[in-house]
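A.B. asks: Here it is, the structure in full.
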Amino acid sequence: MASEPRIEHAPRSWTQRLGAILWPSFFTAGVMTTVFFAFVDPLALRDITFPDLEIGRGLGYTICFFLFWAATASSSLFTWILLRPASRFNQPLKD
């Protein structure tokens, strides 16, 4: 039985890689921030966590958005790492 031909995909540019990681995570972070702050007041959250810091609502929204973005971007990055084609890494050793 003949083996199926291997299809080697061309490598993606760094712009495409970053876009595939950052854009979905940006969108998801925006949705998560909206849903989270529909139920939680940033000032109440500040009073519970860091009562000594002068953090207003706007800064609370911003900090939370970037934390959500970092979390979802790391998730997208790990998914991209796990889905890379094995054919690029399992090449036979050259003599």
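Going by the structure tokens order, chains are called A, B, ..., each with residues numbered from 1, while ligands are numbered from 1 in the order shown.
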Which residues, written as a PDB file with C-alpha atoms, in the first residue's frame, have at least one atom at most 7 Å from region 71-84 of chain A, with only C-alpha atoms counted and residues fewer than 4 positions away on the same chain left out?

C.D. replies:
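Generated output (part.pdb):
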ATOM      1  CA  ILE A  21      -2.991  35.153  18.011  1.00  0.00           C
ATOM      2  CA  LEU A  22      -3.749  38.770  18.926  1.00  0.00           C
ATOM      3  CA  SER A  25      -7.752  37.335  21.886  1.00  0.00           C
ATOM      4  CA  ALA A  29     -11.008  40.187  25.935  1.00  0.00           C
ATOM      5  CA  LEU A  67      -5.346  41.232  31.930  1.00  0.00           C
TER       6      LEU A  67
END

A.B. asks: As a count of residues only, please: the residues near Leu43 (chain A) (cut-off 7 Å, only C-alpha atoms, same-chain neighbours under 2 positions excluded).

C.D. replies: 6

A.B. asks: Write out as a list in words which residues come within 12 Å of Thr34 (chain A) when counting only C-alpha atoms, dropping same-chain ones fewer than 6 positions away.

C.D. replies: Phe27, Thr28, Val40, Asp41, Pro42, Tyr61, Thr62, Cys64, Phe65 and Phe68 of chain A
